[in-house]
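Novice: Contents of input.txt (compact mmCIF, C-alpha atoms) are below:
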# COMPACT_ATOMS: atom_id res chain seq x y z
CA MET A 188 39.91 22.68 236.33
CA ALA A 189 36.84 23.25 234.17
CA GLU A 190 38.99 24.90 231.48
CA THR A 191 41.39 21.93 231.49
CA LYS A 192 38.52 19.50 231.07
CA THR A 193 37.17 21.51 228.15
CA ALA A 194 40.56 21.56 226.45
CA GLU A 195 40.93 17.80 226.89
CA SER A 196 37.44 17.28 225.53
CA ASN A 197 38.23 19.42 222.50
CA LEU A 198 41.43 17.46 221.89
CA ASP A 199 39.54 14.14 222.10
CA ASP A 200 36.99 15.42 219.58
CA LEU A 201 39.80 16.62 217.37
CA LEU A 202 41.56 13.28 217.39
CA ALA A 203 38.28 11.49 216.66
CA ASN A 204 37.63 13.83 213.73
CA GLU A 205 41.14 13.23 212.45
CA GLU A 206 40.61 9.46 212.55
CA ASP A 207 37.27 9.74 210.74
CA LEU A 208 38.83 11.91 208.05
CA GLU A 209 41.81 9.58 207.66
CA ASN A 210 39.49 6.57 207.27
CA ALA A 211 37.44 8.39 204.63
CA LEU A 212 40.56 9.38 202.71
CA CYS A 213 41.91 5.82 202.89
CA VAL A 214 38.82 4.62 201.02
CA LEU A 215 39.43 7.14 198.25
CA ALA A 216 43.20 6.63 198.19
CA GLY A 217 42.77 2.94 197.36
CA SER A 218 40.87 3.78 194.17
CA ASP A 219 42.03 5.60 191.04
CA PRO A 220 40.61 9.18 190.93
CA GLU A 221 41.70 9.81 187.31
CA ASN A 222 41.05 6.64 185.29
CA CYS A 223 37.82 4.66 184.99
CA SER A 224 38.25 1.23 186.56
CA TYR A 225 36.15 -0.50 183.87
CA SER A 226 39.22 -1.73 181.96
CA ARG A 227 40.37 -3.58 185.10
CA GLY A 228 37.25 -5.75 185.03
CA TYR A 229 35.56 -6.80 188.26
CA VAL A 230 37.87 -5.06 190.72
CA LYS A 231 38.52 -6.98 193.92
CA ARG A 232 37.55 -3.95 196.02
CA GLN A 233 37.06 -0.29 195.16
CA ALA A 234 35.15 2.82 196.20
CA VAL A 235 31.73 2.78 194.49
CA PHE A 236 29.12 5.50 194.04
CA ALA A 237 25.55 5.66 192.68
CA CYS A 238 24.17 8.60 190.69
CA ASN A 239 20.57 9.44 191.57
CA THR A 240 20.54 12.00 188.75
CA CYS A 241 21.29 9.48 186.00
CA THR A 242 19.87 6.23 187.40
CA PRO A 243 17.04 7.10 189.82
CA ASN A 244 15.09 3.90 189.02
CA ALA A 245 15.53 1.35 191.83
CA ALA A 246 14.69 -1.42 189.34
CA GLN A 247 17.87 -0.57 187.40
CA PRO A 248 20.57 -0.04 190.07
CA ALA A 249 24.00 1.03 188.83
CA GLY A 250 27.35 1.86 190.38
CA ILE A 251 30.19 4.08 189.22
CA CYS A 252 33.87 4.24 190.13
CA LEU A 253 35.66 7.16 191.82
CA ALA A 254 37.04 8.61 188.58
CA CYS A 255 33.60 8.62 186.91
CA ALA A 256 32.02 10.19 190.00
CA ASN A 257 34.61 13.00 189.71
CA LYS A 258 34.71 13.41 185.92
CA CYS A 259 31.41 12.24 184.44
CA HIS A 260 28.95 13.00 187.25
CA ASP A 261 30.33 16.20 188.72
CA GLY A 262 27.46 18.21 190.20
CA HIS A 263 25.04 15.26 190.17
CA ASP A 264 23.14 13.80 193.13
CA ILE A 265 25.64 11.11 194.22
CA PHE A 266 25.31 8.37 196.85
CA GLU A 267 28.63 7.35 198.38
CA LEU A 268 28.52 3.58 198.91
CA TYR A 269 31.95 3.19 200.58
CA THR A 270 33.50 0.08 198.97
CA LYS A 271 32.12 -2.93 197.10
CA ARG A 272 33.87 -6.18 196.21
CA ASN A 273 34.19 -7.66 192.72
CA PHE A 274 32.48 -4.68 191.10
CA ARG A 275 32.84 -3.29 187.57
CA CYS A 276 32.03 0.33 186.77
CA ASP A 277 28.60 0.79 185.14
CA CYS A 278 29.07 4.40 184.07
CA GLY A 279 27.55 4.98 180.63
CA ASN A 280 26.33 1.43 180.04
CA GLY A 281 22.79 0.41 179.05
CA LYS A 282 21.37 1.51 182.41
CA PHE A 283 22.24 5.15 181.68
CA GLY A 284 20.20 5.60 178.48
CA ASP A 285 21.84 8.12 176.14
CA PHE A 286 24.43 9.14 178.75
CA ARG A 287 27.96 7.98 177.88
CA CYS A 288 31.05 7.70 180.05
CA GLN A 289 33.56 10.45 179.25
CA LEU A 290 36.53 8.26 180.17
CA ILE A 291 35.64 4.93 178.49
CA PRO A 292 32.63 5.48 176.20
CA ALA A 293 32.51 1.93 174.80
CA LYS A 294 31.21 -0.47 177.46
CA ASP A 295 29.08 -3.62 177.63
CA GLU A 296 25.35 -3.04 178.06
CA GLU A 297 25.45 -4.63 181.51
CA ASN A 298 27.94 -5.99 184.03
CA VAL A 299 26.22 -9.29 184.78
CA LYS A 300 28.48 -10.23 187.71
CA ASN A 301 27.85 -7.04 189.68
CA LEU A 302 25.81 -7.43 192.86
CA TYR A 303 23.41 -4.68 193.92
CA ASN A 304 21.31 -3.95 196.97
CA HIS A 305 19.10 -1.10 198.21
CA ASN A 306 22.22 0.98 198.99
CA PHE A 307 22.29 1.91 195.30
CA SER A 308 18.94 3.65 195.81
CA GLY A 309 20.19 5.50 198.87
CA CYS A 310 18.57 3.19 201.45
CA TYR A 311 20.30 1.21 204.18
CA CYS A 312 19.80 -1.22 207.06
CA SER A 313 16.89 -3.59 207.72
CA CYS A 314 14.76 -0.47 208.26
CA ASP A 315 15.33 0.55 204.61
CA ARG A 316 15.92 4.21 205.48
CA PRO A 317 18.15 6.81 203.79
CA TYR A 318 21.40 8.14 205.21
CA PRO A 319 21.52 10.76 206.52
CA ASP A 320 17.92 10.37 207.69
CA MET A 321 16.45 13.77 208.52
CA GLU A 322 13.44 12.14 210.22
CA ASP A 323 15.52 9.96 212.55
CA GLN A 324 15.88 11.59 215.95
CA VAL A 325 18.30 8.94 217.28
CA ASN A 326 22.02 9.66 217.06
CA ASP A 327 23.12 6.17 215.98
CA GLU A 328 26.20 5.09 214.05
CA MET A 329 26.06 2.59 211.19
CA ILE A 330 28.21 -0.51 210.70
CA GLN A 331 28.79 -2.43 207.46
CA CYS A 332 28.27 -6.19 207.16
CA VAL A 333 31.32 -7.84 205.60
CA VAL A 334 29.21 -10.28 203.54
CA CYS A 335 26.19 -8.41 202.12
CA GLU A 336 28.01 -5.05 202.48
CA ASP A 337 24.82 -3.33 203.62
CA TRP A 338 25.01 -0.77 206.44
CA PHE A 339 23.07 -1.24 209.69
CA HIS A 340 22.09 1.03 212.57
CA THR A 341 23.58 -0.43 215.74
CA ARG A 342 20.13 -0.51 217.33
CA HIS A 343 18.88 -2.81 214.54
CA LEU A 344 21.62 -5.43 214.86
CA ARG A 345 19.73 -7.37 217.56
CA CYS A 346 22.87 -7.81 219.64
CA THR A 347 25.25 -6.07 221.99
CA VAL A 348 27.54 -3.83 219.94
CA ALA A 349 31.22 -4.38 220.63
CA GLU A 350 33.57 -1.45 221.00
CA PRO A 351 35.46 -0.57 217.77
CA GLU A 352 38.84 -1.58 219.16
CA GLU A 353 37.51 -5.04 220.00
CA LEU A 354 36.31 -5.98 216.55
CA GLN A 355 37.60 -6.44 213.05
CA GLU A 356 34.48 -7.22 211.04
CA MET A 357 30.72 -7.69 211.51
CA LEU A 358 28.29 -10.18 209.95
CA CYS A 359 24.59 -9.40 210.14
CA GLU A 360 22.16 -12.06 211.33
CA ALA A 361 20.74 -12.71 207.85
CA CYS A 362 24.20 -13.43 206.42
CA MET A 363 25.07 -15.68 209.36
CA ASN A 364 21.94 -17.72 208.64
CA LYS A 365 22.88 -18.00 204.95
CA ALA A 366 26.11 -19.68 206.06
CA PRO A 367 24.98 -21.41 209.30
CA PHE A 368 28.26 -23.23 209.84
CA LEU A 369 29.69 -19.84 210.86
CA TRP A 370 27.65 -20.02 214.09
CA THR A 371 29.99 -22.81 215.24
CA TYR A 372 33.02 -20.55 214.78
CA ALA A 373 31.13 -17.70 216.46
CA ALA A 374 30.55 -19.87 219.53
CA HIS A 375 34.30 -20.31 219.94
CA PHE A 376 36.04 -17.05 219.08
CA ALA A 377 33.62 -14.25 218.12
CA VAL A 378 32.69 -11.51 220.59
CA SER A 379 30.28 -13.04 223.13
CA PRO A 380 26.68 -11.74 223.05
CA GLU A 381 24.65 -10.76 226.09
CA GLU A 382 22.29 -13.47 227.27
CA ASP A 383 19.15 -11.37 227.50
CA GLU A 384 16.38 -13.68 226.32
CA GLU A 385 15.63 -17.24 225.27
CA VAL A 386 16.75 -17.97 221.70
CA ASP A 387 17.67 -21.02 219.64
CA VAL A 388 21.22 -22.22 220.08
CA VAL A 389 23.72 -23.80 217.73
CA GLU A 390 23.27 -27.54 217.35
CA VAL A 391 26.63 -28.68 218.64
CA GLU A 392 26.23 -32.23 217.38
CA GLU A 393 25.38 -31.20 213.80
CA LYS A 394 27.14 -33.23 211.14
CA ARG A 395 26.23 -30.96 208.26
CA HIS A 396 26.85 -27.27 207.58
CA VAL A 397 23.23 -26.39 206.86
CA SER A 398 19.87 -27.97 207.68
CA GLY A 399 16.86 -28.44 205.44
CA SER A 400 16.67 -29.00 201.71
CA SER A 401 19.87 -27.00 201.04
CA LYS A 402 22.15 -29.19 203.13
CA ILE A 403 25.86 -29.16 202.41
CA SER A 404 27.41 -32.34 203.71
CA LEU A 405 30.79 -32.33 205.39
CA GLU A 406 31.42 -35.85 204.15
CA GLU A 407 29.58 -36.14 200.83
CA PRO A 408 30.91 -34.10 197.88
CA SER A 409 28.49 -32.80 195.28
CA THR A 410 28.42 -34.51 191.87
CA SER A 411 27.12 -31.41 190.06
CA LEU A 412 29.46 -30.26 187.27
CA GLU A 413 28.74 -26.62 188.14
CA TYR A 414 29.49 -27.38 191.77
CA LYS A 415 32.80 -29.02 190.85
CA ASP A 416 33.76 -26.01 188.75
CA GLN A 417 33.04 -23.70 191.69
CA GLU A 418 35.05 -25.89 194.03
CA GLY A 419 37.98 -25.91 191.61
CA ALA A 420 37.88 -22.14 191.30
CA ALA A 421 37.90 -21.74 195.07
CA THR A 422 40.79 -24.18 195.44
CA ARG A 423 42.86 -22.53 192.69
CA SER A 424 42.43 -19.11 194.33
CA LEU A 425 44.36 -20.25 197.40
CA PRO A 426 48.18 -20.25 197.60
CA CYS A 427 49.76 -23.60 196.76
CA LYS A 428 51.70 -24.55 199.88
CA ARG A 429 53.13 -27.86 201.04
CA SER A 430 53.87 -28.57 204.67
CA HIS A 431 56.94 -30.38 205.94
CA ASP A 432 54.77 -33.46 206.58
CA ASP A 433 53.46 -33.38 203.00
CA MET A 434 56.98 -33.24 201.59
CA THR A 435 58.29 -36.06 203.77
CA ASP A 436 55.39 -38.51 203.36
CA ARG A 437 56.40 -41.81 201.86
CA PRO A 438 55.01 -42.66 198.39
CA GLY A 439 51.73 -44.51 198.59
CA GLU A 440 50.87 -43.33 202.12
CA THR A 441 47.43 -41.69 202.55
CA LYS A 442 47.34 -38.58 204.71
CA THR A 443 44.04 -37.57 206.31
CA ALA A 444 43.49 -33.82 206.78
CA SER A 445 41.72 -32.71 209.93
CA CYS A 446 38.63 -30.51 209.67
CA LYS A 447 38.80 -27.59 212.11
CA LEU A 448 35.03 -27.19 211.98
CA LYS A 449 34.40 -30.78 213.05
CA ASP A 450 36.93 -30.39 215.86
CA LEU A 451 35.09 -27.30 217.12
CA GLN A 452 31.70 -29.02 216.86
CA ALA A 453 33.04 -31.89 218.97
CA GLN A 454 33.75 -29.47 221.84
CA ASN A 455 30.00 -28.99 222.52
CA VAL A 456 30.08 -25.19 222.81
CA ALA A 457 26.75 -23.45 222.15
CA ARG A 458 25.85 -19.85 221.23
CA PRO A 459 22.51 -18.14 220.60
CA ARG A 460 21.67 -17.98 216.90
CA ARG A 461 20.45 -14.46 217.12
CA GLY A 462 21.70 -11.04 216.11
CA ALA A 463 24.78 -9.81 214.30
CA VAL A 464 28.20 -11.27 215.13
CA PHE A 465 31.34 -9.22 215.77
CA TRP A 466 34.64 -10.89 214.92
CA PRO A 467 38.11 -10.07 216.30
CA SER A 468 41.19 -9.37 214.23
CA GLY A 469 42.54 -12.37 212.36
CA TRP A 470 39.33 -14.40 212.59
CA ARG A 471 39.40 -15.37 208.91
CA SER A 472 42.71 -17.20 209.34
CA ARG A 473 41.03 -19.52 211.86
CA LEU A 474 38.44 -20.82 209.40
CA CYS A 475 38.92 -24.37 208.14
CA THR A 476 40.07 -24.71 204.53
CA CYS A 477 39.67 -28.45 204.07
CA THR A 478 37.99 -29.60 200.85
CA SER A 479 34.55 -30.05 202.39
CA CYS A 480 34.62 -26.61 204.01
CA LYS A 481 35.75 -24.96 200.77
CA ARG A 482 32.71 -26.47 199.08
CA ALA A 483 30.49 -25.04 201.80
CA TYR A 484 31.96 -21.53 201.41
CA VAL A 485 31.40 -21.63 197.64
CA ALA A 486 27.84 -22.93 197.97
CA ALA A 487 26.98 -20.25 200.54
CA GLN A 488 28.69 -17.60 198.35
CA VAL A 489 31.11 -16.59 201.11
CA HIS A 490 34.28 -18.05 199.55
CA PHE A 491 35.97 -14.64 199.89
CA LEU A 492 36.14 -15.20 203.65
CA MET A 493 39.12 -17.48 202.98
CA ASP A 494 40.99 -14.43 201.65
CA GLU A 495 42.23 -12.08 204.38
CA SER A 496 43.17 -9.46 201.77
CA ASP A 497 39.46 -9.17 200.87
CA SER A 498 38.70 -7.13 204.00
CA VAL A 499 38.05 -3.39 203.96
CA LEU A 500 40.92 -2.92 206.44
CA ALA A 501 43.36 -4.58 204.02
CA TYR A 502 42.06 -2.34 201.23
CA GLU A 503 42.49 0.80 203.35
CA ASN A 504 46.00 -0.23 204.37
CA ARG A 505 46.95 -0.71 200.72
CA GLY A 506 45.58 2.76 200.01
CA LEU A 507 47.84 4.22 202.70
CA VAL A 508 50.96 2.43 201.48
CA GLU A 509 50.44 2.61 197.72
CA PRO A 510 47.63 5.06 196.94
CA PHE A 511 46.42 5.43 193.34
CA GLY A 512 46.43 9.19 193.70
CA GLN A 513 46.84 11.75 196.44
CA HIS A 514 43.61 13.26 197.73
CA PRO A 515 43.76 17.09 197.90
CA LEU A 516 43.37 17.08 201.68
CA MET A 517 46.25 14.60 202.00
CA ALA A 518 48.39 16.89 199.88
CA VAL A 519 47.51 19.88 202.06
CA THR A 520 48.23 18.20 205.41
CA SER A 521 51.35 16.25 204.40
CA SER A 522 53.60 19.31 204.77
CA MET A 523 52.16 20.32 208.16
CA ASN A 524 53.41 19.43 211.61
CA ARG A 525 51.18 17.59 214.09
CA VAL A 526 49.65 20.72 215.64
CA GLN A 527 48.96 22.31 212.25
CA GLN A 528 47.33 19.10 211.00
CA LEU A 529 45.01 18.99 214.01
CA GLU A 530 44.10 22.66 213.60
CA PHE A 531 43.39 22.15 209.90
CA ILE A 532 41.25 19.06 210.48
CA TYR A 533 39.32 20.85 213.25
CA GLY A 534 38.60 23.75 210.90
CA TYR A 535 37.67 21.42 208.04
CA ASN A 536 35.18 19.49 210.17
CA GLU A 537 33.75 22.68 211.66
CA LEU A 538 33.20 24.11 208.19
CA THR A 539 31.54 20.97 206.78
CA THR A 540 29.27 20.67 209.83
CA ALA A 541 28.26 24.32 209.61
CA LEU A 542 27.60 24.08 205.86
CA THR A 543 25.46 20.96 206.31
CA THR A 544 23.40 22.68 209.01
CA PHE A 545 23.04 25.79 206.83
CA PHE A 546 21.78 23.85 203.79
CA HIS A 547 19.39 21.73 205.85
CA GLN A 548 17.96 24.84 207.50
CA CYS A 549 17.41 26.49 204.12
CA ALA A 550 15.72 23.36 202.79
CA ALA A 551 13.48 23.05 205.86
CA GLU A 552 12.38 26.67 205.52
CA ASN A 553 12.06 26.47 201.71
CA LYS A 554 14.51 29.32 201.35
CA VAL A 555 16.38 30.05 198.14
CA ILE A 556 20.16 30.05 198.73
CA THR A 557 21.25 33.47 197.51
CA ALA A 558 24.72 34.96 197.21
CA GLU A 559 23.85 37.33 200.08
CA ALA A 560 22.86 34.39 202.32
CA VAL A 561 26.12 32.57 201.59
CA HIS A 562 28.11 35.76 202.24
CA GLN A 563 26.32 36.24 205.57
CA PHE A 564 26.99 32.59 206.49
CA PHE A 565 30.75 33.01 206.06
CA GLU A 566 30.69 36.34 207.89
CA GLU A 567 29.10 34.66 210.91
CA LEU A 568 31.53 31.75 210.70
CA GLN A 569 34.49 34.15 210.64
CA ALA A 570 33.08 36.10 213.58
CA LYS A 571 32.69 32.87 215.54
CA LYS A 572 36.33 32.01 214.84
CA ARG A 573 37.46 35.46 216.02
CA ARG A 574 35.49 35.09 219.27
CA ARG A 575 37.08 31.67 219.91
CA THR A 576 40.56 33.07 219.24
CA ASN A 577 39.98 36.03 221.57
CA MET A 578 38.97 33.57 224.32
CA GLY A 579 42.32 31.80 224.02
CA TYR A 580 41.35 28.85 221.79
CA GLN A 581 43.20 28.21 218.57
Now that the file is in, can you turn its structure into structure tokens?

Specialist:
Amino acid sequence: MAETKTAESNLDDLLANEEDLENALCVLAGSDPENCSYSRGYVKRQAVFACNTCTPNAAQPAGICLACANKCHDGHDIFELYTKRNFRCDCGNGKFGDFRCQLIPAKDEENVKNLYNHNFSGCYCSCDRPYPDMEDQVNDEMIQCVVCEDWFHTRHLRCTVAEPEELQEMLCEACMNKAPFLWTYAAHFAVSPEEDEEVDVVEVEEKRHVSGSSKISLEEPSTSLEYKDQEGAATRSLPCKRSHDDMTDRPGETKTASCKLKDLQAQNVARPRRGAVFWPSGWRSRLCTCTSCKRAYVAAQVHFLMDESDSVLAYENRGLVEPFGQHPLMAVTSSMNRVQQLEFIYGYNELTTALTTFFHQCAAENKVITAEAVHQFFEELQAKKRRRTNMGYQ
């Protein structure tokens, strides 16, 4: 019975490792590993990296695409930033001094529309710590906010963390407060928080999206020319569709569109305005897209929430269906059957874990990594594999 439980446990770990590896490869598959993305402009979403060797100054953050990380910065100290939206490759621009991109040498001095945060300096979360953090004794996973795209330890989200299968995306508390009207939606169809202490609740009778000096009225449009330009851009980015009612209206009749947000506010449902919010699959499609709400999204700089294809999941799915290039590990496993794939992934994860431990141990003991030490490491790894095989494990 004990042996059966161990085998089941190993299989569960194996499947989890396979899923983690597949997710990591999906991120890379959606980006071009051979050609610098600079010529494509501000790419809707792509894998982005930061080079601590070339741009170590936090005051001058810079990001590079997958191809430049492979070709131009091979062997450098690289931070993997997962994906970023609307980002243009910085490799070789004015932030890199005399260093020039090998793939597209001629670039603007700066990509003024790029957004940066402390991730580009290798720090994450509200605790501003590196990842991996060798001083952190807590085994805690990190989750990315869909708006600011920073990564947070689950223990620093100030909320109950939903199980992965229950959620689609997460918004941190700071981003929720930058777009306060989202608390109304959260009260109706986001994952419910635990009621563990007294906190402020959503004002269910509010007639404006935001309170204070930066109010965005649901009824009163802005007269600012810049604001009108932003609104027009947001409206043009949406598909032009006409409903049956629109097409059958008589000339001269005025049709009043209903605001979903106002309808939800009228239902008097409250939720604590505290902590991160976890959203289920398809939540973006339930946001109101009336004219007033579009203005609010633009003003709060969350207009991309109206676009379901903006999500990381949509990006990963595109990478699976139409990848830019095949990752070497994908090429290796594609010809294997299910059992062989699992065995390969198990071995791959075992090797990477062992190597990470080996390097960290050498660094902690200030040991120089010699050829003899590496040879001994692989000898011990091979011996461990033989012992596992002799015991009946494959």

Novice: Taking (25.4, -4.2, 192.5) in the file's coordinates, which residues come within 9 Å, counting all atoms listed in the file, written as a tab-separated table (two decimals) with C-alpha atoms, in the frame of the given file?

Specialist:
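Result saved to selection17.tsv:
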chain	number	residue	atom	x	y	z
A	248	PRO	CA	20.57	-0.04	190.07
A	249	ALA	CA	24.00	1.03	188.83
A	250	GLY	CA	27.35	1.86	190.38
A	271	LYS	CA	32.12	-2.93	197.10
A	274	PHE	CA	32.48	-4.68	191.10
A	275	ARG	CA	32.84	-3.29	187.57
A	300	LYS	CA	28.48	-10.23	187.71
A	301	ASN	CA	27.85	-7.04	189.68
A	302	LEU	CA	25.81	-7.43	192.86
A	303	TYR	CA	23.41	-4.68	193.92
A	304	ASN	CA	21.31	-3.95	196.97
A	306	ASN	CA	22.22	0.98	198.99
A	307	PHE	CA	22.29	1.91	195.30

Novice: Give me, as a tab-separated table, each residue of stretch 458-487 of chain A that comes within 12 Å of stretch 321-343 of chain A, together with its shortest interatomic pair and the distance in Å at one decimal, counting all atoms listed in the file, with rows ordered by chain and rising residue number.

Specialist:
residue	atom	partner	partner_atom	distance
A:Gly462	CA	A:His343	CA	8.8
A:Ala463	CA	A:Cys332	CA	8.7
A:Val464	CA	A:Cys332	CA	9.5
A:Phe465	CA	A:Cys332	CA	9.6
A:Trp466	CA	A:Val333	CA	10.4
A:Arg471	CA	A:Val333	CA	11.5
A:Tyr484	CA	A:Val334	CA	11.8
A:Ala487	CA	A:Val334	CA	10.6

Novice: A:Arg232, A:Lys449, A:Arg227, A:His305: which is nearest A:Cys480, counting only C-alpha atoms?

Specialist: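 So, comparing all the options, the nearest one is A:Lys449.
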
Novice: Taking only C-alpha atoms into account, which of A:Gly506, A:Gly309, A:Pro319, A:Pro467 comes nearest A:Val378?

Specialist: A:Pro467

Novice: Show me as a PyMOL selection string the residues that reach within 10 Å of (39.5, -5.4, 199.4), counting all atoms listed in the file and using the file's own coordinates.

Specialist: chain A and resi 217+230-234+270-273+491+494-505

Novice: Counting all atoms listed in the file, which residue out of A:Glu267, A:Asp295, A:Glu509, A:Glu566 sits closest to A:Cys213?

Specialist: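 Of A:Glu267, A:Asp295, A:Glu509, A:Glu566, the one nearest A:Cys213 is A:Glu509, counting all atoms listed in the file.
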
Novice: What does the structure give for the distance between atom CA of A:Asn298 and atom CA of A:Leu507, in Å to one decimal?

Specialist: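 Atom CA of A:Leu507 lies 29.1 Å from atom CA of A:Asn298.
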
Novice: Just give me the gap between atom CA of A:Ser218 and atom CA of A:Leu268 in Å, one decimal is fine.

Specialist: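 These two atoms are separated by 13.2 Å.
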
Novice: To one decimal in Å, tell me the separation between atom CA of A:Phe283 and atom CA of A:Asp315.

Specialist: 24.4 Å

Novice: Which residue gives the smallest distance to A:Ala377 among A:Pro220, A:Leu474, A:Ser313, A:Lys294, with all atoms listed in the file counted?

Specialist: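 So, comparing all the options, the nearest one is A:Leu474.
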
Novice: Excluding same-chain residues fewer than 6 positions from A:Gln548, what lies within 12 Å of it counting all atoms listed in the file, as a PyMOL selection string?

Specialist: chain A and resi 321+541-542+554-556+560+564

Novice: How would the residues just chosen look if you wrote them out with C-alpha atoms as a short mmCIF file (atom, residue, chain, number, x, y, z; two decimals), in the frame of the given file?

Specialist:
data_model
loop_
_atom_site.label_atom_id
_atom_site.label_comp_id
_atom_site.auth_asym_id
_atom_site.auth_seq_id
_atom_site.Cartn_x
_atom_site.Cartn_y
_atom_site.Cartn_z
CA MET A 321 16.45 13.77 208.52
CA ALA A 541 28.26 24.32 209.61
CA LEU A 542 27.60 24.08 205.86
CA LYS A 554 14.51 29.32 201.35
CA VAL A 555 16.38 30.05 198.14
CA ILE A 556 20.16 30.05 198.73
CA ALA A 560 22.86 34.39 202.32
CA PHE A 564 26.99 32.59 206.49
#

Novice: May I ask you to restore N, CA and C atoms in stretch 443-456 of chain A and write the result as a PDB file, in the coordinates of the input?

Specialist:
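What landed in result02.pdb:
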ATOM      1  N   THR A 443      45.384 -38.067 206.047  1.00  0.00           N
ATOM      2  CA  THR A 443      44.040 -37.570 206.310  1.00  0.00           C
ATOM      3  C   THR A 443      44.113 -36.177 206.928  1.00  0.00           C
ATOM      4  N   ALA A 444      43.488 -35.190 206.268  1.00  0.00           N
ATOM      5  CA  ALA A 444      43.490 -33.820 206.780  1.00  0.00           C
ATOM      6  C   ALA A 444      42.392 -33.672 207.822  1.00  0.00           C
ATOM      7  N   SER A 445      42.700 -32.939 208.866  1.00  0.00           N
ATOM      8  CA  SER A 445      41.720 -32.710 209.930  1.00  0.00           C
ATOM      9  C   SER A 445      40.853 -31.516 209.584  1.00  0.00           C
ATOM     10  N   CYS A 446      39.561 -31.609 209.904  1.00  0.00           N
ATOM     11  CA  CYS A 446      38.630 -30.510 209.670  1.00  0.00           C
ATOM     12  C   CYS A 446      38.479 -29.704 210.955  1.00  0.00           C
ATOM     13  N   LYS A 447      38.885 -28.439 210.920  1.00  0.00           N
ATOM     14  CA  LYS A 447      38.800 -27.590 212.110  1.00  0.00           C
ATOM     15  C   LYS A 447      37.357 -27.437 212.577  1.00  0.00           C
ATOM     16  N   LEU A 448      36.429 -27.364 211.616  1.00  0.00           N
ATOM     17  CA  LEU A 448      35.030 -27.190 211.980  1.00  0.00           C
ATOM     18  C   LEU A 448      34.509 -28.372 212.771  1.00  0.00           C
ATOM     19  N   LYS A 449      34.824 -29.588 212.320  1.00  0.00           N
ATOM     20  CA  LYS A 449      34.400 -30.780 213.050  1.00  0.00           C
ATOM     21  C   LYS A 449      35.008 -30.818 214.452  1.00  0.00           C
ATOM     22  N   ASP A 450      36.274 -30.411 214.549  1.00  0.00           N
ATOM     23  CA  ASP A 450      36.930 -30.390 215.860  1.00  0.00           C
ATOM     24  C   ASP A 450      36.222 -29.426 216.811  1.00  0.00           C
ATOM     25  N   LEU A 451      35.798 -28.271 216.285  1.00  0.00           N
ATOM     26  CA  LEU A 451      35.090 -27.300 217.120  1.00  0.00           C
ATOM     27  C   LEU A 451      33.708 -27.820 217.514  1.00  0.00           C
ATOM     28  N   GLN A 452      33.018 -28.465 216.565  1.00  0.00           N
ATOM     29  CA  GLN A 452      31.700 -29.020 216.860  1.00  0.00           C
ATOM     30  C   GLN A 452      31.776 -30.081 217.951  1.00  0.00           C
ATOM     31  N   ALA A 453      32.876 -30.816 217.983  1.00  0.00           N
ATOM     32  CA  ALA A 453      33.040 -31.890 218.970  1.00  0.00           C
ATOM     33  C   ALA A 453      33.224 -31.352 220.390  1.00  0.00           C
ATOM     34  N   GLN A 454      33.508 -30.061 220.515  1.00  0.00           N
ATOM     35  CA  GLN A 454      33.750 -29.470 221.840  1.00  0.00           C
ATOM     36  C   GLN A 454      32.464 -29.075 222.559  1.00  0.00           C
ATOM     37  N   ASN A 455      31.306 -29.232 221.882  1.00  0.00           N
ATOM     38  CA  ASN A 455      30.000 -28.990 222.520  1.00  0.00           C
ATOM     39  C   ASN A 455      29.866 -27.595 223.118  1.00  0.00           C
ATOM     40  N   VAL A 456      30.238 -26.580 222.361  1.00  0.00           N
ATOM     41  CA  VAL A 456      30.080 -25.190 222.810  1.00  0.00           C
ATOM     42  C   VAL A 456      28.910 -24.572 222.048  1.00  0.00           C
TER      43      VAL A 456
END
